[in-house]
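Following: one structure in structure tokens, then a few remarks.
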Amino acid sequence: MLNSFGEGTTMGQHVAAYYQVLQELATEAVSGDTLRDTLATMAKKTASAMKSSGCSVLLFDAASRRLLHAVSHGLSDWYLRKGFLDADKSLGDTLEGKVVTVLDAATDPRVQYREMAQRQGIASMVSVPLRQRGSIIGALRVYTREHRHFSTDDIAFLTAVAGLAAVAVENAQLRELEAARDAMFSQPDVPRLAQDLIRPISFSHPSEEEFARLLDFYKIQWMYEPRSFPLEWDGDKVKEMFTPDFYLPELDLYVELTTMKQELIREKTRKLRRLKELYPEVNIKLLTKRDYHRLLAKYGYGPLGRAEVNVERILLSAPQIQRRVRQLGKAISGDYAGRSPLLIGILKGVVCFMPDLMRNISLPVSVDFMAISYYGDQETESVRIIKDLDRSIAGLDVIMVEDIVDTGMTLNYVLHYLAARNPASLEVCTLLDKRVRRLVDVPLKYIGFEVPDEFVVGYGLDYNGEFRNLPFIGIVTPSPTEAK
Ligand code: 5GP
């Protein structure tokens with residue numbers, strides 16, 4: 001068994017080497033490189049400074065409670081694709097903010113894939129949390145071939161590297177936000193998840209790249225070849241493996257793309273059949289190009305309108321909207337603590353937003369709806385209430401829930417109408433704010449997203465009665481001229 005210094009190295013030399021590497025990594029953390037390149041350099045230099053056999057940076061995906069290998073050095077491909085790392089089962093204390101050291105990976109129950117670790121030749125490992133402003137966003141791990149007791153210097157060094165890795169993540173997120181703002185795109189509410197900033201360097205087939213682009217277009221999260229499934233064994237040796245091309249975490253679906261070559265399809269079909277026998281819980285689809293367009297349509301990502309106009313680009317993805325609605329619900333719950341607000345929605349644009357919002361408010365709320373019709377010519381544009389409230393709002397805390405505020409005229413009219421009925425308070429919560437088109441200044445207390453001057457549909461918003469059922473918000477083209 002070795003101590004952490006290896007043979008023939010004095011403590012002074014060792015610590016000096018750590019300082020040297022830290023200095024290099026500090027420069028790396030704020031370089032303009034892609035996040036993947038920066039973290040890859042960190043993993044490589046850390047592994048070498050520690051005289052270890054491997055190092056990886058894992059990112060925590062809160063939605064699935066999994067750890068994802070962002071980058072790694074010195075670990076084989078099959079080891080990386082051995083299966084998903086359950087954040088609670090794989091050295092789970094790291095997520096509690098603790099440093100976890102493992103002397104014998106083959107027997108320690110805190111290691112999720114002990115047998116695989118043994119095959120990879122990993123004897124010991126250490127896992128240090130990656131922190132970003134109080135939250136744990138991942139882990140830095142170092143693996144050694146020999147059994148090793150990690151010293152306090154080792155841990156101090158790794159903690160510093162983990163801090164620099166977290167800085168690199170934040171730096172990449174900020175760069176993205178800045179780029180989005182510069183592009184005058186709707187301002188993203190939250191930085192993109194670190195794992196979305198990491199992309200594979202190369203695809204093994206152009207069709208995979210095209211599929212990835214399509215998923216990006218629809219803002220569907222994807223992972224490229226994250227897992228290999230053993231299919232045949234010879235004794236305890238794996239004889240055949242299958243690695244599906246993609247995993248779509250939001251749909252919990254693996255996707256394998258095929259070309260049209262018949263013999264390849266046959267071979268893949270055989271493997272898939274075997275995979276389904278061995279792993280019945282796994283949801284996987286074999287897709288041709290035509291199929292995948294159909295699949296996306298099935299999940300609500302497709303041309304659902306009658307082709308008079310088309311969704312040209314997705315502005316806000318379904319998960320993005322859901323995240324923001326949760327935040328709005330939380331803010332309202334905090335601001336109205338101890339009270340029971342009445343939510344008033346104007347039909348029909350709030351048909352998606354209102355139910356999602358109210359389910360995220362942890363207070364007793366009641367709801368009511370109004371309907372409005374627009375009439376008059378261009379100059380005397382006016383609104384008329386065609387469905388009024390069911391009961392009096394006098395003395396109530398009212399929150400007007402709107403899908404989108406454009407010129408502000410509708411809301412201005414409705415707010416005056418409601419204010420005259422003496423509510424205790426009156427505030428507005430709108431999902432979208434098309435601020436650049438504002439003619440009448442209306443006070444908006446809660447805003448989901450600011451959107452550009454484009455006609456948007458989906459998530460309750462329609463064009464000629466269509467598109468309301470899209471789970472995302474998109475921009476239609478050609479821009480409808482009669483759009484308000
Ligand atoms: P405002 O009175 O603020 O100009 O318009 C508000 C109403 O116009 C919204 O409630 C919505 O029904 C409609 N509207 C404004 N902009 C859009 C848009 O981009 N897409 C859709 N579908 N409706 C819009």
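By order of appearance in the structure tokens: chains A, B, ..., then residues from 1 within every chain, and ligands from 1 in the order shown.
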Inset, instruction - Would you mind listing what lies within 9 Å of A:Gly54 as a PyMOL selection string, with only C-alpha atoms counted and same-chain residues fewer than 4 positions away left out? - result: chain A and resi 43-44+46-48+72-75+122+141-145
Mind dumping the selected residues with N, CA and C atoms as a short mmCIF file (atom, residue, chain, number, x, y, z; two decimals), in the first residue's frame?
```
data_model
loop_
_atom_site.label_atom_id
_atom_site.label_comp_id
_atom_site.auth_asym_id
_atom_site.auth_seq_id
_atom_site.Cartn_x
_atom_site.Cartn_y
_atom_site.Cartn_z
N ALA A 43 -9.30 17.65 -15.52
CA ALA A 43 -9.28 16.23 -15.14
C ALA A 43 -7.91 15.62 -15.43
N LYS A 44 -7.36 15.98 -16.58
CA LYS A 44 -6.06 15.42 -16.98
C LYS A 44 -4.96 15.86 -16.02
N THR A 46 -5.21 17.08 -13.04
CA THR A 46 -5.44 16.62 -11.66
C THR A 46 -5.00 15.17 -11.52
N ALA A 47 -5.38 14.35 -12.50
CA ALA A 47 -4.99 12.93 -12.45
C ALA A 47 -3.47 12.81 -12.39
N SER A 48 -2.79 13.60 -13.20
CA SER A 48 -1.34 13.49 -13.25
C SER A 48 -0.70 14.04 -11.97
N SER A 72 -13.84 12.96 -18.40
CA SER A 72 -13.02 12.08 -17.57
C SER A 72 -11.70 11.83 -18.25
N HIS A 73 -10.75 11.40 -17.44
CA HIS A 73 -9.44 11.10 -17.97
C HIS A 73 -9.00 9.76 -17.39
N GLY A 74 -8.50 8.90 -18.25
CA GLY A 74 -7.93 7.64 -17.78
C GLY A 74 -8.94 6.53 -17.52
N LEU A 75 -10.20 6.75 -17.83
CA LEU A 75 -11.20 5.69 -17.63
C LEU A 75 -11.65 5.17 -18.99
N ILE A 122 -9.73 -0.17 -10.53
CA ILE A 122 -9.79 0.90 -9.54
C ILE A 122 -9.72 0.28 -8.15
N ARG A 141 -13.87 13.46 -9.00
CA ARG A 141 -13.43 12.15 -8.48
C ARG A 141 -12.07 11.76 -9.02
N VAL A 142 -11.30 11.14 -8.13
CA VAL A 142 -9.98 10.65 -8.53
C VAL A 142 -9.91 9.16 -8.19
N TYR A 143 -9.37 8.39 -9.13
CA TYR A 143 -9.31 6.93 -8.98
C TYR A 143 -7.85 6.48 -9.00
N THR A 144 -7.51 5.51 -8.13
CA THR A 144 -6.13 5.02 -8.14
C THR A 144 -6.12 3.51 -8.34
N ARG A 145 -5.03 3.04 -8.95
CA ARG A 145 -4.89 1.60 -9.21
C ARG A 145 -4.46 0.86 -7.95
#
```
Inset, instruction - Could you find all residues in stretch 13-189 of chain A that DSSP calls helix (DSSP H, G or I) from the backbone, and write them as a PyMOL selection string? - result: chain A and resi 13-29+35-49+77-80+92-96+114-119+152-182
Inset, instruction - Take atom CA of A:Arg339 and atom 7 (C, counted along the ligand's line) of ligand 1 and report the distance between them in Å, one decimal. - result: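 The value is 29.1 Å.
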Inset, instruction - Kindly work out which residues sit at most 6 Å from ligand 1, using only C-alpha atoms and all ligand atoms, and give the list as a list of chain:residue names. - result: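 The residues within 6 Å of ligand 1, counting only C-alpha atoms and all ligand atoms, are A:Gly349, A:Asp403, A:Ile404, A:Val405, A:Asp406, A:Thr407, A:Gly408, A:Met409, A:Thr410, A:Glu454, A:Phe455, A:Val456, A:Val457, A:Leu461, A:Asp462, A:Tyr463, A:Lys484.
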Legend entry - For A:Leu444, the nearest of the candidates A:Cys352, A:Tyr459, A:Arg313, A:Glu402, counting only C-alpha atoms: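 Among the listed residues, A:Glu402 lies closest to A:Leu444.
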Inset, instruction - Fewer than 4 positions away in the same chain doesn't count, so skip those; otherwise give me all residues within 12 Å of A:Asp77, counting only C-alpha atoms, as a ChimeraX atom specification. - result: /A:69,71-73,81-83,116,120,225-228,241,243
Would you write out those residues with all heavy atoms, as a tab-separated table (two decimals), in the first residue's frame?
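What follows is the written file result06.tsv:
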```tsv
chain	number	residue	atom	x	y	z
A	69	HIS	N	-21.32	11.91	-16.16
A	69	HIS	CA	-19.90	12.12	-16.44
A	69	HIS	C	-19.75	13.26	-17.44
A	69	HIS	O	-20.09	13.11	-18.60
A	69	HIS	CB	-19.30	10.85	-17.06
A	69	HIS	CG	-18.76	9.92	-16.05
A	69	HIS	ND1	-17.54	10.10	-15.45
A	69	HIS	CD2	-19.27	8.81	-15.49
A	69	HIS	CE1	-17.33	9.15	-14.58
A	69	HIS	NE2	-18.36	8.34	-14.57
A	71	VAL	N	-16.74	15.04	-18.00
A	71	VAL	CA	-15.47	14.71	-18.66
A	71	VAL	C	-14.75	13.70	-17.78
A	71	VAL	O	-15.03	13.61	-16.57
A	71	VAL	CB	-14.54	15.94	-18.80
A	71	VAL	CG1	-15.11	16.98	-19.72
A	71	VAL	CG2	-14.21	16.54	-17.45
A	72	SER	N	-13.84	12.96	-18.40
A	72	SER	CA	-13.02	12.08	-17.57
A	72	SER	C	-11.70	11.83	-18.25
A	72	SER	O	-11.56	12.03	-19.46
A	72	SER	CB	-13.75	10.77	-17.32
A	72	SER	OG	-13.89	10.13	-18.54
A	73	HIS	N	-10.75	11.40	-17.44
A	73	HIS	CA	-9.44	11.10	-17.97
A	73	HIS	C	-9.00	9.76	-17.39
A	73	HIS	O	-9.14	9.52	-16.18
A	73	HIS	CB	-8.45	12.22	-17.54
A	73	HIS	CG	-7.06	11.93	-17.96
A	73	HIS	ND1	-6.63	12.13	-19.26
A	73	HIS	CD2	-6.00	11.42	-17.28
A	73	HIS	CE1	-5.36	11.77	-19.35
A	73	HIS	NE2	-4.96	11.33	-18.16
A	81	ARG	N	-19.75	4.10	-19.54
A	81	ARG	CA	-21.13	3.80	-19.98
A	81	ARG	C	-21.73	2.63	-19.22
A	81	ARG	O	-22.64	1.97	-19.71
A	81	ARG	CB	-21.13	3.52	-21.48
A	81	ARG	CG	-20.80	4.77	-22.23
A	81	ARG	CD	-20.80	4.61	-23.70
A	81	ARG	NE	-20.40	5.88	-24.27
A	81	ARG	CZ	-19.60	6.02	-25.31
A	81	ARG	NH1	-19.14	4.97	-25.93
A	81	ARG	NH2	-19.29	7.21	-25.76
A	82	LYS	N	-21.22	2.37	-18.04
A	82	LYS	CA	-21.65	1.18	-17.30
A	82	LYS	C	-23.09	1.29	-16.82
A	82	LYS	O	-23.73	0.29	-16.52
A	82	LYS	CB	-20.73	0.94	-16.10
A	82	LYS	CG	-20.73	2.12	-15.12
A	82	LYS	CD	-19.60	1.98	-14.13
A	82	LYS	CE	-19.52	3.14	-13.16
A	82	LYS	NZ	-19.21	4.45	-13.75
A	83	GLY	N	-23.62	2.48	-16.77
A	83	GLY	CA	-24.99	2.67	-16.28
A	83	GLY	C	-25.07	4.02	-15.61
A	83	GLY	O	-24.04	4.64	-15.35
A	116	MET	N	-17.65	-3.44	-11.62
A	116	MET	CA	-17.11	-2.69	-12.76
A	116	MET	C	-15.84	-1.95	-12.36
A	116	MET	O	-14.89	-1.86	-13.13
A	116	MET	CB	-18.14	-1.69	-13.26
A	116	MET	CG	-19.37	-2.31	-13.82
A	116	MET	SD	-19.03	-2.96	-15.46
A	116	MET	CE	-20.66	-2.94	-16.15
A	120	GLN	N	-12.15	-2.32	-13.93
A	120	GLN	CA	-11.44	-1.16	-14.45
A	120	GLN	C	-10.08	-1.01	-13.76
A	120	GLN	O	-9.24	-0.21	-14.17
A	120	GLN	CB	-12.32	0.09	-14.24
A	120	GLN	CG	-11.69	1.42	-14.60
A	120	GLN	CD	-11.56	1.63	-16.11
A	120	GLN	OE1	-12.50	1.92	-16.81
A	120	GLN	NE2	-10.34	1.50	-16.61
A	225	GLU	N	-24.95	8.64	-26.29
A	225	GLU	CA	-24.37	7.35	-25.88
A	225	GLU	C	-24.00	7.30	-24.40
A	225	GLU	O	-22.86	7.02	-24.05
A	225	GLU	CB	-23.13	7.06	-26.72
A	225	GLU	CG	-23.44	6.92	-28.20
A	225	GLU	CD	-22.24	6.40	-28.98
A	225	GLU	OE1	-21.10	6.56	-28.51
A	225	GLU	OE2	-22.45	5.84	-30.07
A	226	PRO	N	-24.94	7.57	-23.49
A	226	PRO	CA	-24.54	7.62	-22.09
A	226	PRO	C	-24.39	6.25	-21.45
A	226	PRO	O	-23.80	6.13	-20.39
A	226	PRO	CB	-25.69	8.38	-21.42
A	226	PRO	CG	-26.87	8.05	-22.26
A	226	PRO	CD	-26.38	7.86	-23.65
A	227	ARG	N	-24.94	5.21	-22.09
A	227	ARG	CA	-24.93	3.93	-21.40
A	227	ARG	C	-24.77	2.76	-22.37
A	227	ARG	O	-25.35	2.75	-23.45
A	227	ARG	CB	-26.26	3.79	-20.65
A	227	ARG	CG	-26.33	2.53	-19.83
A	227	ARG	CD	-27.54	2.52	-18.93
A	227	ARG	NE	-27.68	1.21	-18.34
A	227	ARG	CZ	-28.73	0.80	-17.65
A	227	ARG	NH1	-29.75	1.62	-17.46
A	227	ARG	NH2	-28.79	-0.41	-17.14
A	228	SER	N	-23.94	1.78	-21.97
A	228	SER	CA	-23.79	0.54	-22.74
A	228	SER	C	-24.45	-0.59	-21.99
A	228	SER	O	-24.26	-0.73	-20.78
A	228	SER	CB	-22.31	0.20	-22.93
A	228	SER	OG	-21.70	1.17	-23.73
A	241	MET	N	-22.05	-6.02	-26.41
A	241	MET	CA	-22.66	-4.85	-25.74
A	241	MET	C	-23.49	-4.10	-26.77
A	241	MET	O	-23.25	-4.18	-27.96
A	241	MET	CB	-21.56	-3.88	-25.29
A	241	MET	CG	-20.63	-4.42	-24.28
A	241	MET	SD	-21.04	-3.66	-22.73
A	241	MET	CE	-19.57	-2.74	-22.43
A	243	THR	N	-24.84	-0.02	-27.32
A	243	THR	CA	-24.85	1.36	-26.82
A	243	THR	C	-25.82	2.18	-27.67
A	243	THR	O	-25.49	2.56	-28.80
A	243	THR	CB	-23.44	1.99	-26.91
A	243	THR	OG1	-22.52	1.09	-26.31
A	243	THR	CG2	-23.38	3.34	-26.22
```
Legend entry - Non-local contacts of A:Phe246 (6 Å; only C-alpha atoms; under 4 positions in same chain excluded) as a list in words: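 Here the answer would be Met223, Tyr224, Glu225, Tyr254 and Val255 of chain A.
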Based on the selection just made, write N, CA, C and O atoms of those residues as a PDB file, in the first residue's frame.
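Output (result_19.pdb):
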```pdb
ATOM      1  N   MET A 223     -28.695  13.157 -24.274  1.00  0.00           N
ATOM      2  CA  MET A 223     -27.354  12.717 -23.914  1.00  0.00           C
ATOM      3  C   MET A 223     -26.915  11.763 -25.008  1.00  0.00           C
ATOM      4  O   MET A 223     -27.715  10.969 -25.502  1.00  0.00           O
ATOM      5  N   TYR A 224     -25.657  11.869 -25.403  1.00  0.00           N
ATOM      6  CA  TYR A 224     -25.163  11.030 -26.479  1.00  0.00           C
ATOM      7  C   TYR A 224     -24.482   9.798 -25.891  1.00  0.00           C
ATOM      8  O   TYR A 224     -23.559   9.933 -25.086  1.00  0.00           O
ATOM      9  N   GLU A 225     -24.952   8.640 -26.286  1.00  0.00           N
ATOM     10  CA  GLU A 225     -24.374   7.353 -25.875  1.00  0.00           C
ATOM     11  C   GLU A 225     -24.002   7.302 -24.399  1.00  0.00           C
ATOM     12  O   GLU A 225     -22.858   7.024 -24.050  1.00  0.00           O
ATOM     13  N   TYR A 254     -34.574   5.922 -24.777  1.00  0.00           N
ATOM     14  CA  TYR A 254     -33.351   5.731 -25.554  1.00  0.00           C
ATOM     15  C   TYR A 254     -33.728   5.694 -27.019  1.00  0.00           C
ATOM     16  O   TYR A 254     -34.790   5.176 -27.381  1.00  0.00           O
ATOM     17  N   VAL A 255     -32.853   6.236 -27.858  1.00  0.00           N
ATOM     18  CA  VAL A 255     -33.132   6.230 -29.292  1.00  0.00           C
ATOM     19  C   VAL A 255     -31.921   5.684 -30.030  1.00  0.00           C
ATOM     20  O   VAL A 255     -30.791   6.114 -29.796  1.00  0.00           O
TER      21      VAL A 255
END
```
Legend entry - Residues near A:Gly32, cut-off 10 Å, only C-alpha atoms, skip fewer than 6 positions along chain, as an NGL selection string: :A and (38 or 168 or 171-172 or 175)
Inset, instruction - Identify, on the basis of only C-alpha atoms, every residue whose closest approach to stretch 156-163 of chain A does not exceed 8 Å; exclude the query and any residue fewer than 3 positions from it along the same chain; express the result as a VMD selection string. - result: chain A and resid 18 22 25 42 46 128 to 131 139 to 140 152 to 153 166 to 167
Legend entry - From A:Glu210, A:Glu250, A:Glu240, A:Glu28, residue lying nearest A:Pro319 [only C-alpha atoms]: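 Using only C-alpha atoms, the shortest distance to A:Pro319 belongs to A:Glu250.
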Legend entry - Proximity to A:Val414 - best of A:Leu426, A:Gly338, A:Arg133, A:Phe203, only C-alpha atoms: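 Selected residue with least distance to A:Val414: A:Leu426.
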Legend entry - Pairwise distance for atom CA of A:Asn422 and atom CA of A:Asp390, rounded to one decimal in Å: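 Value for the atom CA of A:Asn422-atom CA of A:Asp390 distance: 15.5 Å.
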